[in-house]
$ cat start.txt   # compact mmCIF, C-alpha atoms
# COMPACT_ATOMS: atom_id res chain seq x y z
CA MET A 83 -30.46 194.24 236.96
CA GLY A 84 -31.80 194.84 240.41
CA CYS A 85 -31.96 198.12 242.15
CA ARG A 86 -29.56 197.94 244.97
CA GLY A 87 -27.95 199.27 248.16
CA GLU A 88 -26.08 202.52 248.78
CA GLU A 89 -22.41 203.52 248.70
CA PRO A 90 -20.49 201.34 246.27
CA ARG A 91 -17.17 202.18 247.94
CA ARG A 92 -18.02 200.43 251.18
CA GLY A 93 -17.67 196.96 249.71
CA GLN A 94 -21.22 195.86 250.41
CA LEU A 95 -22.52 192.50 249.23
CA THR A 96 -25.55 193.96 247.48
CA PRO A 97 -24.63 195.76 244.26
CA SER A 98 -24.93 199.57 244.19
CA PRO A 99 -27.34 201.78 242.25
CA LEU A 100 -24.23 203.09 240.52
CA ALA A 101 -23.93 199.70 238.80
CA SER A 102 -27.32 200.15 237.15
CA ARG A 103 -26.18 203.50 235.76
CA LEU A 104 -23.08 201.90 234.26
CA ARG A 105 -24.90 199.36 232.07
CA LEU A 106 -23.65 201.39 229.13
CA ILE A 107 -21.12 204.19 228.94
CA VAL A 108 -20.96 205.83 225.53
CA ILE A 109 -17.53 207.39 225.03
CA THR A 110 -17.11 210.25 222.56
CA ASP A 111 -14.54 210.21 219.78
CA ALA A 112 -13.98 213.25 217.59
CA ARG A 113 -12.12 211.13 215.04
CA LEU A 114 -15.22 209.01 214.47
CA ALA A 115 -17.59 211.96 214.79
CA SER A 116 -16.79 215.67 214.48
CA HIS A 117 -17.46 217.85 217.56
CA GLY A 118 -20.80 218.96 216.15
CA ARG A 119 -21.58 215.37 215.30
CA VAL A 120 -20.44 214.19 218.76
CA GLU A 121 -23.18 216.30 220.27
CA GLY A 122 -25.72 214.85 217.83
CA VAL A 123 -24.71 211.25 218.54
CA VAL A 124 -24.74 211.89 222.29
CA ASP A 125 -28.25 213.27 221.97
CA LEU A 126 -29.42 210.20 220.02
CA ALA A 127 -27.68 207.86 222.45
CA LEU A 128 -29.33 209.50 225.46
CA ASP A 129 -32.72 209.37 223.78
CA ALA A 130 -32.22 205.64 223.26
CA GLY A 131 -31.60 205.14 226.99
CA THR A 132 -27.84 205.48 227.47
CA PRO A 133 -27.34 205.96 231.23
CA ALA A 134 -23.78 207.41 231.04
CA ILE A 135 -21.65 209.48 228.65
CA GLN A 136 -17.90 209.93 228.83
CA LEU A 137 -16.24 212.83 227.02
CA ARG A 138 -12.89 211.64 225.73
CA ASP A 139 -10.55 213.70 223.54
CA LYS A 140 -6.81 213.30 223.72
CA GLU A 141 -6.10 216.02 221.14
CA ALA A 142 -8.13 219.17 221.75
CA SER A 143 -7.09 221.78 224.30
CA THR A 144 -9.03 221.83 227.56
CA GLY A 145 -10.37 225.27 226.76
CA ALA A 146 -11.57 224.16 223.35
CA LEU A 147 -13.41 221.22 224.93
CA LEU A 148 -15.30 223.22 227.55
CA PRO A 149 -18.22 224.23 225.30
CA LEU A 150 -18.80 220.59 224.26
CA ALA A 151 -18.46 219.47 227.88
CA LEU A 152 -21.04 222.01 229.02
CA ARG A 153 -23.40 220.92 226.25
CA ILE A 154 -23.04 217.25 227.20
CA ARG A 155 -23.61 218.22 230.84
CA GLN A 156 -26.85 219.90 229.79
CA LEU A 157 -28.00 216.91 227.70
CA THR A 158 -27.09 214.31 230.33
CA ARG A 159 -28.79 216.32 233.07
CA GLN A 160 -31.97 216.51 231.02
CA ALA A 161 -31.78 212.76 230.40
CA GLY A 162 -30.92 211.88 234.00
CA ALA A 163 -27.69 210.31 232.78
CA LEU A 164 -24.23 210.38 234.31
CA PHE A 165 -21.50 212.48 232.73
CA PHE A 166 -17.84 211.56 233.00
CA VAL A 167 -14.78 213.28 231.55
CA ASN A 168 -11.77 211.24 230.52
CA ASP A 169 -8.46 212.18 232.16
CA ARG A 170 -8.96 215.95 232.67
CA VAL A 171 -10.19 216.50 236.21
CA ASP A 172 -10.14 220.26 235.73
CA LEU A 173 -12.49 220.04 232.77
CA ALA A 174 -14.74 217.67 234.72
CA LEU A 175 -14.93 220.15 237.61
CA ALA A 176 -15.47 223.16 235.35
CA ALA A 177 -18.30 221.40 233.51
CA GLU A 178 -19.85 220.05 236.72
CA ALA A 179 -19.45 216.49 235.48
CA ASP A 180 -20.41 213.64 237.82
CA GLY A 181 -16.93 212.22 237.63
CA VAL A 182 -13.73 211.50 235.81
CA HIS A 183 -12.29 208.41 234.21
CA LEU A 184 -8.57 207.87 234.83
CA GLY A 185 -5.97 205.59 233.32
CA PRO A 186 -2.36 204.77 234.10
CA ASP A 187 -1.08 207.95 232.32
CA ASP A 188 -3.41 210.26 234.21
CA LEU A 189 -3.23 211.61 237.74
CA PRO A 190 -3.34 208.78 240.31
CA VAL A 191 -6.73 207.95 241.81
CA ALA A 192 -5.59 208.86 245.34
CA ALA A 193 -4.30 212.27 244.21
CA VAL A 194 -7.58 213.04 242.46
CA ARG A 195 -9.70 211.82 245.36
CA ARG A 196 -7.97 214.41 247.58
CA VAL A 197 -8.92 217.38 245.37
CA VAL A 198 -12.46 216.61 244.20
CA PRO A 199 -15.70 217.33 246.06
CA GLU A 200 -17.52 214.71 248.11
CA GLY A 201 -19.54 212.40 245.88
CA PHE A 202 -17.47 213.04 242.76
CA LEU A 203 -17.12 209.70 240.95
CA ILE A 204 -13.77 208.27 239.89
CA GLY A 205 -13.39 205.46 237.38
CA TYR A 206 -10.10 203.74 236.69
CA SER A 207 -8.94 201.57 233.79
CA THR A 208 -7.13 198.36 234.53
CA ASP A 209 -7.18 194.73 233.48
CA ASP A 210 -5.20 193.56 236.50
CA PRO A 211 -7.00 192.30 239.65
CA GLU A 212 -4.26 193.54 242.00
CA GLU A 213 -4.22 197.00 240.43
CA ALA A 214 -8.02 196.96 240.57
CA ARG A 215 -7.98 196.37 244.32
CA ARG A 216 -5.42 199.13 244.79
CA ALA A 217 -7.49 201.60 242.75
CA VAL A 218 -10.56 200.85 244.87
CA ARG A 219 -8.54 201.29 248.08
CA ASP A 220 -7.36 204.64 246.65
CA GLY A 221 -10.93 205.77 246.06
CA ALA A 222 -12.13 204.49 242.67
CA ASP A 223 -15.92 204.11 242.46
CA TYR A 224 -15.90 201.83 239.42
CA LEU A 225 -13.43 200.16 237.09
CA GLY A 226 -13.13 199.88 233.34
CA ALA A 227 -11.49 196.61 232.35
CA GLY A 228 -10.21 195.69 228.94
CA ALA A 229 -9.59 195.63 226.13
CA VAL A 230 -12.13 192.79 226.18
CA PHE A 231 -11.76 192.24 222.45
CA SER A 232 -9.20 193.72 220.07
CA THR A 233 -10.07 197.26 219.07
CA ALA A 234 -9.14 199.97 216.60
CA SER A 235 -10.35 202.97 218.68
CA LYS A 236 -7.54 202.92 221.22
CA ALA A 237 -4.10 202.30 219.77
CA ASP A 238 -2.64 201.83 223.25
CA ALA A 239 -5.25 199.41 224.56
CA GLY A 240 -2.90 196.41 224.71
CA ARG A 241 -3.82 192.76 224.33
CA ALA A 242 -7.41 191.54 224.59
CA ILE A 243 -8.33 189.95 227.94
CA GLY A 244 -11.58 188.33 226.80
CA PRO A 245 -14.77 187.91 228.85
CA GLU A 246 -12.82 185.71 231.31
CA GLY A 247 -10.46 188.62 232.00
CA ILE A 248 -13.49 190.70 233.01
CA THR A 249 -14.63 187.95 235.36
CA LEU A 250 -11.23 187.99 237.09
CA VAL A 251 -11.38 191.75 237.67
CA ALA A 252 -15.07 191.72 238.67
CA ARG A 253 -14.41 189.00 241.27
CA SER A 254 -11.54 190.96 242.78
CA VAL A 255 -13.46 194.10 243.79
CA ALA A 256 -16.82 195.10 245.24
CA VAL A 257 -17.31 198.13 242.97
CA PRO A 258 -18.94 197.93 239.54
CA VAL A 259 -16.72 196.76 236.68
CA VAL A 260 -17.40 197.83 233.12
CA GLY A 261 -15.98 195.98 230.14
CA ILE A 262 -14.35 198.08 227.43
CA GLY A 263 -12.63 197.46 224.12
CA GLY A 264 -13.95 196.02 220.88
CA ILE A 265 -17.47 195.54 222.22
CA THR A 266 -20.26 195.56 219.63
CA PRO A 267 -23.96 194.65 219.58
CA ALA A 268 -22.83 191.34 218.06
CA ASN A 269 -20.50 190.27 220.90
CA VAL A 270 -21.86 192.11 223.95
CA LYS A 271 -23.88 189.08 225.12
CA LEU A 272 -20.57 187.33 225.87
CA LEU A 273 -20.16 189.77 228.78
CA SER A 274 -23.55 189.32 230.40
CA ARG A 275 -22.37 186.50 232.71
CA THR A 276 -18.92 187.86 233.55
CA GLY A 277 -20.00 189.87 236.57
CA ALA A 278 -19.62 193.11 234.58
CA ALA A 279 -22.12 195.83 235.46
CA GLY A 280 -22.07 196.96 231.86
CA VAL A 281 -19.91 198.00 228.96
CA ALA A 282 -18.20 201.13 227.68
CA VAL A 283 -18.04 201.63 223.93
CA ILE A 284 -16.50 204.13 221.57
CA GLY A 285 -16.84 202.98 217.96
CA ALA A 286 -19.94 200.81 218.45
CA VAL A 287 -22.03 203.94 219.01
CA MET A 288 -19.91 206.90 217.81
CA GLY A 289 -19.20 205.19 214.50
CA ALA A 290 -22.64 203.58 214.07
CA ALA A 291 -24.87 204.35 211.13
CA ASP A 292 -27.78 204.14 213.58
CA PRO A 293 -26.50 205.07 217.07
CA ALA A 294 -29.90 204.62 218.75
CA ARG A 295 -30.24 201.08 217.44
CA ALA A 296 -26.70 200.28 218.61
CA VAL A 297 -27.50 201.64 222.08
CA ARG A 298 -30.66 199.53 222.40
CA ALA A 299 -28.80 196.39 221.32
CA LEU A 300 -25.96 197.04 223.80
CA LEU A 301 -28.35 197.75 226.67
CA GLN A 302 -30.19 194.48 226.11
CA ALA A 303 -27.20 192.43 227.27
CA PHE A 304 -27.53 194.02 230.71
CA ALA A 305 -31.29 194.38 230.81
CA PRO A 306 -32.69 194.55 234.35
CA MET B 194 12.25 243.24 248.07
CA GLY B 195 9.74 245.56 249.69
CA CYS B 196 6.94 244.21 251.74
CA ARG B 197 3.65 245.74 250.80
CA GLY B 198 -0.13 245.86 251.23
CA GLU B 199 -2.58 242.97 251.20
CA GLU B 200 -4.98 241.52 248.62
CA PRO B 201 -3.73 242.21 245.10
CA ARG B 202 -7.20 241.73 243.61
CA ARG B 203 -8.70 244.75 245.34
CA GLY B 204 -7.00 247.27 243.06
CA GLN B 205 -5.04 249.10 245.75
CA LEU B 206 -2.65 251.92 244.87
CA THR B 207 0.28 250.49 246.81
CA PRO B 208 1.78 247.47 245.05
CA SER B 209 0.83 244.10 246.49
CA PRO B 210 3.14 241.60 248.11
CA LEU B 211 2.23 239.39 245.18
CA ALA B 212 3.95 241.85 242.84
CA SER B 213 7.21 241.50 244.72
CA ARG B 214 6.97 237.72 244.33
CA LEU B 215 6.52 238.08 240.58
CA ARG B 216 9.78 239.94 239.90
CA LEU B 217 10.91 236.79 238.15
CA ILE B 218 8.98 233.69 237.10
CA VAL B 219 11.20 230.93 235.79
CA ILE B 220 9.20 228.68 233.45
CA THR B 221 10.33 225.12 232.88
CA ASP B 222 10.91 223.67 229.43
CA ALA B 223 11.72 220.00 228.96
CA ARG B 224 12.95 220.67 225.43
CA LEU B 225 15.65 222.98 226.76
CA ALA B 226 16.33 220.84 229.82
CA SER B 227 15.42 217.18 230.37
CA HIS B 228 13.07 216.43 233.28
CA GLY B 229 15.99 215.52 235.51
CA ARG B 230 17.75 218.65 234.37
CA VAL B 231 14.58 220.74 234.88
CA GLU B 232 14.70 219.88 238.55
CA GLY B 233 18.40 220.77 238.70
CA VAL B 234 17.88 224.13 236.99
CA VAL B 235 14.89 224.91 239.21
CA ASP B 236 17.04 224.18 242.25
CA LEU B 237 19.83 226.49 241.01
CA ALA B 238 17.32 229.19 240.10
CA LEU B 239 15.71 229.09 243.55
CA ASP B 240 19.10 229.21 245.24
CA ALA B 241 19.86 232.34 243.22
CA GLY B 242 16.70 234.03 244.51
CA THR B 243 13.97 233.21 241.99
CA PRO B 244 10.70 234.04 243.74
CA ALA B 245 8.40 232.00 241.45
CA ILE B 246 8.55 228.86 239.29
CA GLN B 247 6.03 227.82 236.66
CA LEU B 248 5.89 224.21 235.48
CA ARG B 249 5.04 224.22 231.80
CA ASP B 250 4.94 221.12 229.60
CA LYS B 251 2.59 220.86 226.66
CA GLU B 252 3.64 217.31 225.75
CA ALA B 253 3.83 215.02 228.78
CA SER B 254 0.75 213.36 230.25
CA THR B 255 -0.60 214.87 233.46
CA GLY B 256 0.20 211.67 235.33
CA ALA B 257 3.78 211.67 234.06
CA LEU B 258 4.21 215.27 235.24
CA LEU B 259 2.98 214.74 238.80
CA PRO B 260 6.32 213.53 240.25
CA LEU B 261 8.15 216.59 238.83
CA ALA B 262 5.35 218.86 240.05
CA LEU B 263 5.58 217.43 243.57
CA ARG B 264 9.37 217.85 243.53
CA ILE B 265 9.09 221.48 242.42
CA ARG B 266 6.46 222.02 245.12
CA GLN B 267 8.94 220.70 247.67
CA LEU B 268 11.80 222.87 246.38
CA THR B 269 9.69 226.04 246.11
CA ARG B 270 8.25 225.51 249.58
CA GLN B 271 11.75 225.17 251.03
CA ALA B 272 12.79 228.35 249.20
CA GLY B 273 9.66 230.32 250.11
CA ALA B 274 8.91 230.71 246.41
CA LEU B 275 5.61 230.56 244.57
CA PHE B 276 4.76 227.57 242.40
CA PHE B 277 2.49 227.83 239.38
CA VAL B 278 1.42 225.17 236.90
CA ASN B 279 0.74 226.11 233.30
CA ASP B 280 -2.71 225.24 231.95
CA ARG B 281 -3.49 222.09 233.96
CA VAL B 282 -5.56 223.10 236.96
CA ASP B 283 -5.91 219.47 238.04
CA LEU B 284 -2.15 219.02 238.21
CA ALA B 285 -1.85 222.31 240.11
CA LEU B 286 -4.41 221.15 242.68
CA ALA B 287 -2.90 217.67 243.01
CA ALA B 288 0.58 219.12 243.58
CA GLU B 289 -0.71 221.81 245.98
CA ALA B 290 0.66 224.53 243.73
CA ASP B 291 -0.03 228.15 244.65
CA GLY B 292 -1.74 228.75 241.36
CA VAL B 293 -2.17 228.16 237.67
CA HIS B 294 -1.25 230.13 234.59
CA LEU B 295 -3.90 230.16 231.87
CA GLY B 296 -3.92 231.22 228.25
CA PRO B 297 -6.57 231.59 225.57
CA ASP B 298 -6.57 227.81 224.80
CA ASP B 299 -7.03 226.82 228.44
CA LEU B 300 -10.11 226.83 230.64
CA PRO B 301 -11.49 230.36 231.04
CA VAL B 302 -10.42 232.30 234.14
CA ALA B 303 -14.00 232.54 235.44
CA ALA B 304 -14.53 228.77 235.10
CA VAL B 305 -11.33 228.04 236.98
CA ARG B 306 -12.06 230.60 239.70
CA ARG B 307 -15.29 228.73 240.47
CA VAL B 308 -13.56 225.38 241.11
CA VAL B 309 -10.35 226.30 242.95
CA PRO B 310 -9.94 226.92 246.68
CA GLU B 311 -9.91 230.40 248.22
CA GLY B 312 -6.53 232.06 247.76
CA PHE B 313 -5.51 229.96 244.77
CA LEU B 314 -3.73 232.28 242.33
CA ILE B 315 -4.69 232.59 238.68
CA GLY B 316 -2.47 234.18 236.04
CA TYR B 317 -3.63 234.89 232.52
CA SER B 318 -1.71 235.61 229.32
CA THR B 319 -2.81 238.47 227.14
CA ASP B 320 -1.31 241.44 225.31
CA ASP B 321 -4.63 243.22 224.94
CA PRO B 322 -5.73 245.85 227.51
CA GLU B 323 -9.43 245.06 227.10
CA GLU B 324 -8.89 241.32 227.51
CA ALA B 325 -6.65 242.10 230.48
CA ARG B 326 -9.47 244.00 232.21
CA ARG B 327 -11.90 241.18 231.49
CA ALA B 328 -9.49 238.57 232.90
CA VAL B 329 -9.13 240.60 236.11
CA ARG B 330 -12.91 240.98 236.40
CA ASP B 331 -13.14 237.20 235.96
CA GLY B 332 -10.72 236.60 238.81
CA ALA B 333 -7.14 236.76 237.49
CA ASP B 334 -4.58 237.72 240.15
CA TYR B 335 -1.85 238.70 237.72
CA LEU B 336 -1.26 238.91 233.99
CA GLY B 337 1.49 237.75 231.70
CA ALA B 338 1.85 240.10 228.73
CA GLY B 339 3.88 239.46 225.61
CA ALA B 340 5.67 238.40 223.65
CA VAL B 341 7.71 241.46 224.60
CA PHE B 342 10.45 240.55 222.15
CA SER B 343 10.44 237.88 219.47
CA THR B 344 11.10 234.45 220.92
CA ALA B 345 11.95 230.91 219.90
CA SER B 346 10.54 229.13 223.00
CA LYS B 347 6.88 229.58 222.15
CA ALA B 348 6.04 228.99 218.52
CA ASP B 349 2.54 230.43 219.03
CA ALA B 350 3.56 233.58 220.87
CA GLY B 351 2.55 235.94 218.06
CA ARG B 352 4.06 239.32 217.22
CA ALA B 353 6.27 241.17 219.68
CA ILE B 354 4.54 244.01 221.57
CA GLY B 355 7.71 245.67 222.89
CA PRO B 356 8.14 247.40 226.26
CA GLU B 357 5.46 249.93 225.24
CA GLY B 358 2.96 247.07 224.85
CA ILE B 359 3.65 246.10 228.46
CA THR B 360 3.04 249.66 229.58
CA LEU B 361 -0.37 249.63 227.88
CA VAL B 362 -1.42 246.44 229.67
CA ALA B 363 0.07 247.50 233.02
CA ARG B 364 -1.84 250.81 232.88
CA SER B 365 -5.11 249.05 232.19
CA VAL B 366 -5.29 246.90 235.34
CA ALA B 367 -4.52 247.12 239.06
CA VAL B 368 -3.03 243.63 239.34
CA PRO B 369 0.65 242.86 238.72
CA VAL B 370 1.69 242.47 235.09
CA VAL B 371 4.66 240.33 234.12
CA GLY B 372 6.41 240.69 230.78
CA ILE B 373 7.13 237.49 228.87
CA GLY B 374 8.75 236.54 225.60
CA GLY B 375 12.29 236.93 224.38
CA ILE B 376 13.50 238.49 227.62
CA THR B 377 17.21 238.05 228.44
CA PRO B 378 19.67 239.53 230.92
CA ALA B 379 20.75 241.80 228.05
CA ASN B 380 17.35 243.39 227.35
CA VAL B 381 15.49 243.06 230.67
CA LYS B 382 16.37 246.62 231.75
CA LEU B 383 14.09 247.89 228.97
CA LEU B 384 11.16 246.64 231.05
CA SER B 385 12.06 248.25 234.34
CA ARG B 386 10.08 251.45 233.60
CA THR B 387 7.07 249.89 231.91
CA GLY B 388 5.05 249.32 235.05
CA ALA B 389 5.76 245.58 234.89
CA ALA B 390 6.11 243.89 238.26
CA GLY B 391 8.65 241.52 236.75
CA VAL B 392 9.37 239.13 233.94
CA ALA B 393 8.73 235.51 233.09
CA VAL B 394 11.42 233.66 231.19
CA ILE B 395 11.85 230.24 229.67
CA GLY B 396 15.03 230.04 227.63
CA ALA B 397 16.96 232.76 229.47
CA VAL B 398 17.23 230.48 232.51
CA MET B 399 16.32 226.96 231.32
CA GLY B 400 18.76 227.19 228.42
CA ALA B 401 21.46 229.14 230.27
CA ALA B 402 24.96 227.77 230.72
CA ASP B 403 24.90 229.39 234.19
CA PRO B 404 21.25 229.58 235.35
CA ALA B 405 22.11 231.22 238.69
CA ARG B 406 23.98 234.04 236.99
CA ALA B 407 21.07 234.54 234.58
CA VAL B 408 18.63 234.71 237.51
CA ARG B 409 20.70 237.32 239.34
CA ALA B 410 20.97 239.46 236.21
CA LEU B 411 17.22 239.25 235.55
CA LEU B 412 16.33 240.08 239.15
CA GLN B 413 18.48 243.21 239.09
CA ALA B 414 16.15 244.94 236.64
CA PHE B 415 13.40 244.79 239.27
CA ALA B 416 15.54 245.25 242.34
CA PRO B 417 13.60 246.67 245.27

$ encode --input "start.txt" --output "C-alpha cells"
Amino acid sequence: MGCRGEEPRRGQLTPSPLASRLRLIVITDARLASHGRVEGVVDLALDAGTPAIQLRDKEASTGALLPLALRIRQLTRQAGALFFVNDRVDLALAAEADGVHLGPDDLPVAAVRRVVPEGFLIGYSTDDPEEARRAVRDGADYLGAGAVFSTASKADAGRAIGPEGITLVARSVAVPVVGIGGITPANVKLLSRTGAAGVAVIGAVMGAADPARAVRALLQAFAP
Amino acid sequence: MGCRGEEPRRGQLTPSPLASRLRLIVITDARLASHGRVEGVVDLALDAGTPAIQLRDKEASTGALLPLALRIRQLTRQAGALFFVNDRVDLALAAEADGVHLGPDDLPVAAVRRVVPEGFLIGYSTDDPEEARRAVRDGADYLGAGAVFSTASKADAGRAIGPEGITLVARSVAVPVVGIGGITPANVKLLSRTGAAGVAVIGAVMGAADPARAVRALLQAFAP
C-alpha cells in the first residue's frame, strides 16, 4: 500500500494517506465484549497494529459512553491510530475523535459536515454506487460498503454484496472504500483485489480468542 | 412579559430575558402525539404564546428526527420562540436549535459547553441544590428541577420534590429554574411563588384535548 497524495475529498488520481490508515477499522461491540473488556481488546488490537478504532454502541446512553470514548481516544492517540465514533456526532466531538461513521438512520452527511470542525472525518455506509457518489459530494471522506459476507453482528445489515459489490462501490468514488460485514482472517484475502482500502470488522476482533493474532491476519490482506 | 437585563450566566440580581422566555417550555412526546400530530400541537402551542419548545424523543434515530427538528425550528423561528433539543447535541446543532437540554445520562454540561458555539444554551435537569450549582459552574444557562409532582410521562423521574423542592433549587443558583413533572393547569399556580421562572410540561399540552387552552392556563401562573 503506497504512501500517497493529500486531501482525499478532492478526487485525486493518487490514493490518499487516509486510505493507508483505513486498512483495518476495529469496531467495538459491548455484546461481544463488556465495556471493560472492550477497552482491553482495543488495547491489544492497537498493539498489534490496528490503524483505526470505531466506537459503536447502539444501546448505552451518550453520557454513559463518554468515559469509554475518552479512554479509546487516549489509547488511539498513544498508538497514532484514528478514532471514529459510530452515529453520535456529539460524542465524537466531546471525545475529540477524528471523525464519525454515519449510516442511513443517522444524521445526513451534509448536515454533519456543516457542524463539525475543519478536518473532521466523516465515513458513510452504503452498498450503492449512486448513494456512494452522493455521500462523497455531501462531504464523506471514506465509505464503508457491505455487508460483504453474511454477518451475525449487525441484524440490519441486509443482503451480502460479495467482493464484487465492493469493486462496484470502489470504482464509483475517489475516496477510500472499506469493506464491512462478515469479514474474517479466513476470507479477507478475497477483498485484496477489489479496490478496497481495507476492511472494518466487529466480531473478527471483538469476539476473537486472540485479538492480536486476528488483527495481524486481517492486516496482511492489505499489506503495503 | 417584561424585558430585562442581559447575560443570564453572570448571576445578575435582575432576572434575565432568558427567564421570561422560559415561562413555559412545551416538551414533545411522540407517545402522546404522533410525529405528524407533534408538529400540529407545537403549532397550536406556539400560536397560543408558548415561548419555548423542547424536542424530546428517546426512541427514534437521530436521522429520523431531523425532519421534525427542522420543522420545529422553522415554526419556533416564525413565532420568535426558543427551540431546545433533549439530549442529542448533534441533532440540536444540525437543526440550528437555540440549545440542548441535558440530564444525568447525557453528555456532561462541561463537555457540551466545550463543543458548542458561543451563545448556545444549555439546560440541565436536577433536583439537588449542590448539583445545580455545579451544573451552572460547568456552563448551564438554566435548570429544570423536578419532578415537582408525580408524573406518568417520565418513568425515570424519581420521587416528587414539591413546590418547596423548586424553591430550594431556585435559591441555590442565579440562573432561571424551571419546574417540571406532573404540572397541569390545575396545579401550576402552586409554583408561582417558588422562585421558578416557569414550567416545562409534556402531557399537560401534548396530551391535551385543547393544547392552546392548556398553554394559556399554564402561562397565566407566570404572567408578567

$ residues_around --input "start.txt" --residues "Glu178 (chain A)" --least-positions-apart "4" --cutoff "12 Å" --atoms "all atoms listed in the file" --output "PyMOL selection string"
(chain A and resi 148+151-156+158-159+164-167+171-174+182+198-199+201-203) or (chain B and resi 304-305+307-308)

$ residues_around --input "start.txt" --residues "region 135-146 of chain A" --least-positions-apart "4" --cutoff "6 Å" --atoms "all atoms listed in the file" --output "JSON, numbers by chain"
{"A": [107, 108, 109, 110, 165, 166, 167, 168], "B": [298, 299, 300]}

$ write_last_selection --input "start.txt" --atoms "C-alpha atoms" --output "JSON list (two decimals), in the coordinates of the input"
[["chain", "number", "residue", "atom", "x", "y", "z"],
["A", 107, "ILE", "CA", -21.12, 204.19, 228.94],
["A", 108, "VAL", "CA", -20.96, 205.83, 225.53],
["A", 109, "ILE", "CA", -17.53, 207.39, 225.03],
["A", 110, "THR", "CA", -17.11, 210.25, 222.56],
["A", 165, "PHE", "CA", -21.50, 212.48, 232.73],
["A", 166, "PHE", "CA", -17.84, 211.56, 233.00],
["A", 167, "VAL", "CA", -14.78, 213.28, 231.55],
["A", 168, "ASN", "CA", -11.77, 211.24, 230.52],
["B", 298, "ASP", "CA", -6.57, 227.81, 224.80],
["B", 299, "ASP", "CA", -7.03, 226.82, 228.44],
["B", 300, "LEU", "CA", -10.11, 226.83, 230.64]]

$ residues_around --input "start.txt" --residues "Ala405 (chain B)" --least-positions-apart "4" --cutoff "10 Å" --atoms "all atoms listed in the file" --output "JSON, numbers by chain"
{"B": [234, 235, 236, 237, 238, 239, 240, 241, 242, 243, 398, 401, 409, 410, 411]}

$ atom_distance --input "start.txt" --atom1 "CA of Ala288 (chain B)" --atom2 "CA of Val231 (chain B)"
16.6 Å

$ closest_residue --input "start.txt" --among "B:Pro301, B:His294, B:Ser213, B:Leu225" --to "chain A" --atoms "all atoms listed in the file"
B:Pro301

$ closest_residue --input "start.txt" --among "A:Glu212, A:Ala256, A:Pro267, A:Leu273" --to "Ala286 (chain A)" --atoms "only C-alpha atoms"
A:Pro267

$ closest_residue --input "start.txt" --among "A:Gly221, A:Pro186, A:Pro293, A:Gly247" --to "chain B" --atoms "only C-alpha atoms"
A:Pro186

$ atom_distance --input "start.txt" --atom1 "CA of Ala363 (chain B)" --atom2 "CA of Asp321 (chain B)"
10.3 Å

$ residues_around --input "start.txt" --residues "Gly205 (chain A)" --least-positions-apart "5" --cutoff "7 Å" --atoms "all atoms listed in the file" --output "short mmCIF file (atom, residue, chain, number, x, y, z; two decimals) with C-alpha atoms, in the frame of the given file"
data_model
loop_
_atom_site.label_atom_id
_atom_site.label_comp_id
_atom_site.auth_asym_id
_atom_site.auth_seq_id
_atom_site.Cartn_x
_atom_site.Cartn_y
_atom_site.Cartn_z
CA VAL A 182 -13.73 211.50 235.81
CA HIS A 183 -12.29 208.41 234.21
CA LEU A 184 -8.57 207.87 234.83
CA ALA A 222 -12.13 204.49 242.67
CA ASP A 223 -15.92 204.11 242.46
CA TYR A 224 -15.90 201.83 239.42
CA LEU A 225 -13.43 200.16 237.09
CA GLY A 226 -13.13 199.88 233.34
#

$ residues_near_point --input "start.txt" --point "(16.4, 250.3, 232.5)" --cutoff "12 Å" --atoms "all atoms listed in the file" --output "VMD selection string"
chain B and resid 356 378 to 389 411 413 to 416

$ atom_distance --input "start.txt" --atom1 "CA of Gly400 (chain B)" --atom2 "CA of Asp280 (chain B)"
21.8 Å

$ closest_residue --input "start.txt" --among "A:Ala115, A:Leu147, A:Ile243, A:Ala179" --to "Ala291 (chain A)" --atoms "all atoms listed in the file"
A:Ala115

$ closest_residue --input "start.txt" --among "B:Thr377, B:Gln271, B:Thr344, B:Ser318" --to "Ile359 (chain B)" --atoms "all atoms listed in the file"
B:Ser318

$ closest_residue --input "start.txt" --among "B:Ala303, B:Ala287, B:Ala274, B:Leu215" --to "Gly372 (chain B)" --atoms "all atoms listed in the file"
B:Leu215
